[in-house]
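Accompanying notes for the structure given below.
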There are 2 protein chains.
Amino acid sequence: MAKKTRGVTIPDIAKAAGVSTATVSRVLNGVDYPVRPELKERVLEVAKDLNYTPNIFGRMLKGGKSNDIGIIIPTLTNPFYAQVVSGIERECRKRGYNPIFCSSYSDPEKEREFIHLLMQKRVEGMLISTINQDSTFLKNVLKQQSNIVLFDQQTEDLPCDNISFDFFEGGKLAANYLIENGHRDIAFLTLSFVRKSRQSIYDGIKAAMKSHGLSLTKERTFILSIKNEYEDSIDEFENGRMLARQFIEANCPASAIIAINDITAFGIIREMSDHGVDIPGDISIIGFDNISTSAMINPPLTTINQPSFETGRLAARVLIEKIEQEIDMNSNLLLKPSVVERKSVKRI
Amino acid sequence: MAKKTRGVTIPDIAKAAGVSTATVSRVLNGVDYPVRPELKERVLEVAKDLNYTPNIFGRMLKGGKSNDIGIIIPTLTNPFYAQVVSGIERECRKRGYNPIFCSSYSDPEKEREFIHLLMQKRVEGMLISTINQDSTFLKNVLKQQSNIVLFDQQTEDLPCDNISFDFFEGGKLAANYLIENGHRDIAFLTLSFVRKSRQSIYDGIKAAMKSHGLSLTKERTFILSIKNEYEDSIDEFENGRMLARQFIEANCPASAIIAINDITAFGIIREMSDHGVDIPGDISIIGFDNISTSAMINPPLTTINQPSFETGRLAARVLIEKIEQEIDMNSNLLLKPSVVERKSVKRI
DNA sequence: ATGAAAGCGCTAACAC
DNA sequence: GTGTTAGCGCTTTCAT
């Protein structure tokens with residue numbers, strides 16, 4: 001017996017309070033419209049008595065704001081995105097908006113579907129972590145809904161706000177940190193470059209090494225091709241183990257490893273341990289992301305901080321400014337990386 | 001210049017295609033209503049050309065289903081809930097519903113606000129992990145919206161579906177596992193009992209020990225009172241460290257520790273390591289939850305599995321059944337715990 | 001200060 | 001098979 005209550009409506013209240021629907025609406029919306037205090041009170045009381053819940057659809061239809069904001073991220077299963085989402089939610093709520101989250105699992109098809117869904121829901125704007133290389137689709141969407149800010153993945157040539165992380169600089173930072181600690185033979189263990197961010201990190205590492213007269217050779221670069229991006233974080237862990245196995249089998253003599261992200265680094269550490277390789281005694285490792293568990297693991301992981309919660313907040317803030325100011329000034333923010341020094345890198 | 005497009009409407013299409021609005025509506029909804037194929041095609045084409053996006057508010061107002069499901073959880077920051085939420089989303093999408101997530105941060109006030117918000121949004125039902133002890137509020141809500149299923153926290157005396165975890169049994173299992181491994185002196189490190197689940201675990205442990213002629217003494221029970229439940233998972237980690245410090249300072253001779261949850265266990269492990277105490281060499285530890293990182297940490301954490309993803313799926317499934325069947329059969333499921341044996345408990 | 005009424009975009013009952 | 005039209009609940013202009 002699911003509720004079929006046709007709900008209390010404004011006319012119901014109007015009748016019960018002996019006033020017009022206009023008055024009720026005015027009172028209920030608390031606008032500064034002159035209404036006799038006595039009436040106002042009566043209406044409010046009746047509304048409460050009848051347990052009135054406004055039907056937003058009527059209001060929306062009349063042209064109101066939905067106050068919804070659509071968000072598309074790859075997955076909540078990855079703590080990095082969980083943090084981003086927390087930041088987004090925090091900022092949205094603070095400003096009176098309701099976030100609507102959709103997990104695309106990095107599937108371009110799903111991404112498209114969600115965008116349509118959100119458009120139908122008449123969201124005020126969207127926050128998207130897109131993987132879609134095909135920018136024509138997004139360009140079309142932008143024609144209908146210009147309140148879009150992309151985050152986390154830089155997508156060039158799109159006339160759209162973008163909050164992202166300076167992966168190139170991050171790659172440089174990681175390499176430089178290792179070099180400063182005396183490492184000259186550095187390896188890079190990564191997943192395939194379907195995400196542009198990975199390519200950027202790679203480029204950053206190469207740039208940093210080059211400027212020190214070193215180089216990241218093919219033999220030091222381990223690239224794992226996987227079918228499913230982000231099905232589950234345990235998969236990323238397994239990817240790390242696989243990469244470590246390749247590294248070991250290749251008899252790679254590098255003294256330090258840069259891992260494409262923290263969870264992958266966890267997998268690498270585990271596999272190394274299982275092979276009796278001590279971290280950081282025998283080999284050093286640095287990760288990317290700085291998810292909260294990186295501080296909890298053994299050894300505590302030195303990593304490149306990508307301010308997840310802040311990214312979420314910032315992205316939401318930029319979007320909301322845009323929605324409210326109704327101006328189209330595209331910002332293109334690039335968040336700066338920093339290294340979080342812990343215990344997984346040894347000075348040699 | 002945020003979009004002010006008054007959008008393409010059905011009448012627009014009708015005019016452009018030279019048919020009536022009714023025809024357009026019928027075609028667009030793809031109902032099996034007889035329409036001349038030729039017209040059908042024309043309408044579809046015009047709709048595509050005009051880039052038509054239906055205005056759901058009109059449809060809703062007409063009495064349609066929102067297909068939204070509201071979800072209230074403490075926080076996404078805790079990987080356990082992130083997993084639950086993933087499970088919920090998966091099931092919802094599969095069945096054609098859109099989840100709307102709200103993080104209450106275990107604040108009863110926020111919880112109430114969200115419930116109102118969701119009621120206004122005319123969700124088809126709600127999935128709530130409530131912390132609210134005051135059941136009268138929820139009882140009132142149930143009068144207006146009977147499609148509610150509570151999960152994760154058992155709340156007795158509420159005429160409402162409930163999916164929860166058998167914490168008592170979990171506590172027993174943890175203690176028994178330790179006992180089977182030769183431990184007779186067991187300590188319990190926990191956060192304060194604001195959540196009923198913690199009390200249940202405690203009771204379970206005591207029951208198991210009693211049945212083996214052992215007992216969990218006051219001196220073996222460390223309870224940390226904290227102000228903020230779930231502000232951030234790093235807080236829980238710190239809580240673990242604090243508990244470990246208390247444990248050490250008290251010179252507690254227990255050979256094994258049961259931690260109230262995995263992240264707290266991580267903190268305990270870290271603090272112990274920092275004090276030169278080897279896990280599991282010197283002392284064994286077992287956690288609760290089995291979050292994914294528990295498998296990644298060193299040593300891999302032995303823990304009581306609480307099937308997070310499955311809980312989410314199941315809760316969503318039960319709710320959807322309820323919504324669609326329109327019957328009011330309350331189920332009260334109690335998920336069974338199991339121990340996940342890894343490396344943090346030593347046989348003695 | 002209050003009320004009557006139009007209309008937002010859609011669906012469906014009814015008429016043809 | 002197709003079209004006309006009456007609302008769904010709300011806000012808001014315009015009249016009073």
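Ligands are numbered from 1 in the order shown, residues from 1 within each chain, and chains are lettered A, B, ... in the order they appear in the structure tokens.
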
Secondary structure check, strand (DSSP E or B) residues of segment 125-257 of chain B, as an NGL selection string: :B and (125-128 or 148-151 or 161-165 or 186-191 or 221-224 or 256-257)

Please produce a file of the residues just selected, as a CSV table (one decimal), in the first residue's frame, where the atoms kept are C-alpha atoms.
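Writing done, so here's part22.csv:
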```csv
chain,number,residue,atom,x,y,z
B,125,GLY,CA,11.2,5.9,-1.4
B,126,MET,CA,14.1,6.3,1.0
B,127,LEU,CA,17.0,4.4,2.3
B,128,ILE,CA,18.2,5.6,5.6
B,148,ILE,CA,11.4,3.5,3.7
B,149,VAL,CA,14.0,1.0,4.5
B,150,LEU,CA,16.4,1.5,7.3
B,151,PHE,CA,19.8,-0.1,7.0
B,161,ASP,CA,11.9,-2.6,6.9
B,162,ASN,CA,15.4,-3.0,8.2
B,163,ILE,CA,18.5,-4.4,6.7
B,164,SER,CA,21.2,-4.7,9.2
B,165,PHE,CA,24.2,-6.5,10.2
B,186,ILE,CA,41.6,-10.4,25.0
B,187,ALA,CA,41.1,-6.6,24.9
B,188,PHE,CA,38.5,-4.5,23.2
B,189,LEU,CA,39.3,-1.1,21.9
B,190,THR,CA,36.3,0.9,20.9
B,191,LEU,CA,34.7,4.3,20.4
B,221,THR,CA,38.0,-2.5,27.7
B,222,PHE,CA,39.2,0.8,26.3
B,223,ILE,CA,36.4,3.2,25.3
B,224,LEU,CA,37.2,6.4,23.6
B,256,ALA,CA,45.0,-9.9,21.3
B,257,ILE,CA,42.9,-6.9,20.5
```

Expected answer as number ranges by chain: chain A residues within 10 Å of chain C, only C-alpha atoms (C1' of nucleotides): A: 19-23, 33-36, 58-64

Distance filter 7 Å, only C-alpha atoms, chain A against chain B, as a PyMOL selection string: chain A and resi 1-3+53-58+60-61+76-77+79+82-83+86+100+120-121+144-147+234+266-267+292+296-298+323+326-328

Just the selected residues (C-alpha atoms), exported as a short mmCIF file (atom, residue, chain, number, x, y, z; two decimals), in the first residue's frame, please.
```cif
data_model
loop_
_atom_site.label_atom_id
_atom_site.label_comp_id
_atom_site.auth_asym_id
_atom_site.auth_seq_id
_atom_site.Cartn_x
_atom_site.Cartn_y
_atom_site.Cartn_z
CA MET A 1 0.00 0.00 0.00
CA ALA A 2 2.48 2.53 -1.18
CA LYS A 3 1.22 6.04 -0.63
CA THR A 53 4.49 19.51 1.55
CA PRO A 54 4.86 21.76 -1.46
CA ASN A 55 4.88 20.06 -4.80
CA ILE A 56 8.05 21.31 -6.41
CA PHE A 57 6.92 20.15 -9.79
CA GLY A 58 4.25 22.79 -9.91
CA MET A 60 9.34 24.13 -11.44
CA LEU A 61 6.85 24.09 -14.21
CA LEU A 76 32.85 6.23 -5.51
CA THR A 77 34.79 3.10 -4.88
CA PRO A 79 38.69 6.96 -2.21
CA ALA A 82 34.86 9.75 -2.67
CA GLN A 83 36.78 12.68 -1.25
CA SER A 86 32.48 14.97 -0.28
CA ILE A 100 23.02 14.52 -7.81
CA GLN A 120 16.02 16.28 -18.25
CA LYS A 121 16.13 16.86 -14.58
CA GLN A 144 22.03 23.83 -24.28
CA GLN A 145 23.61 24.09 -20.89
CA SER A 146 26.57 26.36 -20.54
CA ASN A 147 26.88 25.87 -16.82
CA ILE A 234 40.89 -3.76 -5.21
CA PHE A 266 49.97 -0.32 -2.21
CA GLY A 267 49.85 -3.28 -4.55
CA SER A 292 43.88 9.12 3.34
CA MET A 296 47.86 4.60 7.47
CA ILE A 297 49.73 1.98 5.54
CA ASN A 298 53.11 0.46 6.33
CA ILE A 323 25.17 29.78 -12.20
CA GLU A 326 25.03 34.38 -15.04
CA ILE A 327 28.18 35.49 -16.72
CA ASP A 328 30.32 33.39 -18.92
#
```

Residue neighbourhood Phe167 of chain B, 10 Å, only C-alpha atoms (C1' of nucleotides), exclusion window fewer than 4 positions, as a ChimeraX atom specification: /B:152-154,171-173,196-205,288,304,306,334-337

10 Å contacts from chain D to chain A using only C-alpha atoms (C1' of nucleotides), as a PyMOL selection string: chain D and resi 8-12

Selected residue, from A:Val277, A:Ala316, A:Val194, A:Val340, that lies nearest to Asp289 of chain A when counting only C-alpha atoms: A:Val340

Sel. of helix (DSSP H, G or I) residues, segment 92-314 of chain B, as a VMD selection string: chain B and resid 92 to 94 108 to 120 135 to 144 167 to 180 196 to 210 218 to 220 233 to 249 262 to 274 292 to 295 308 to 314
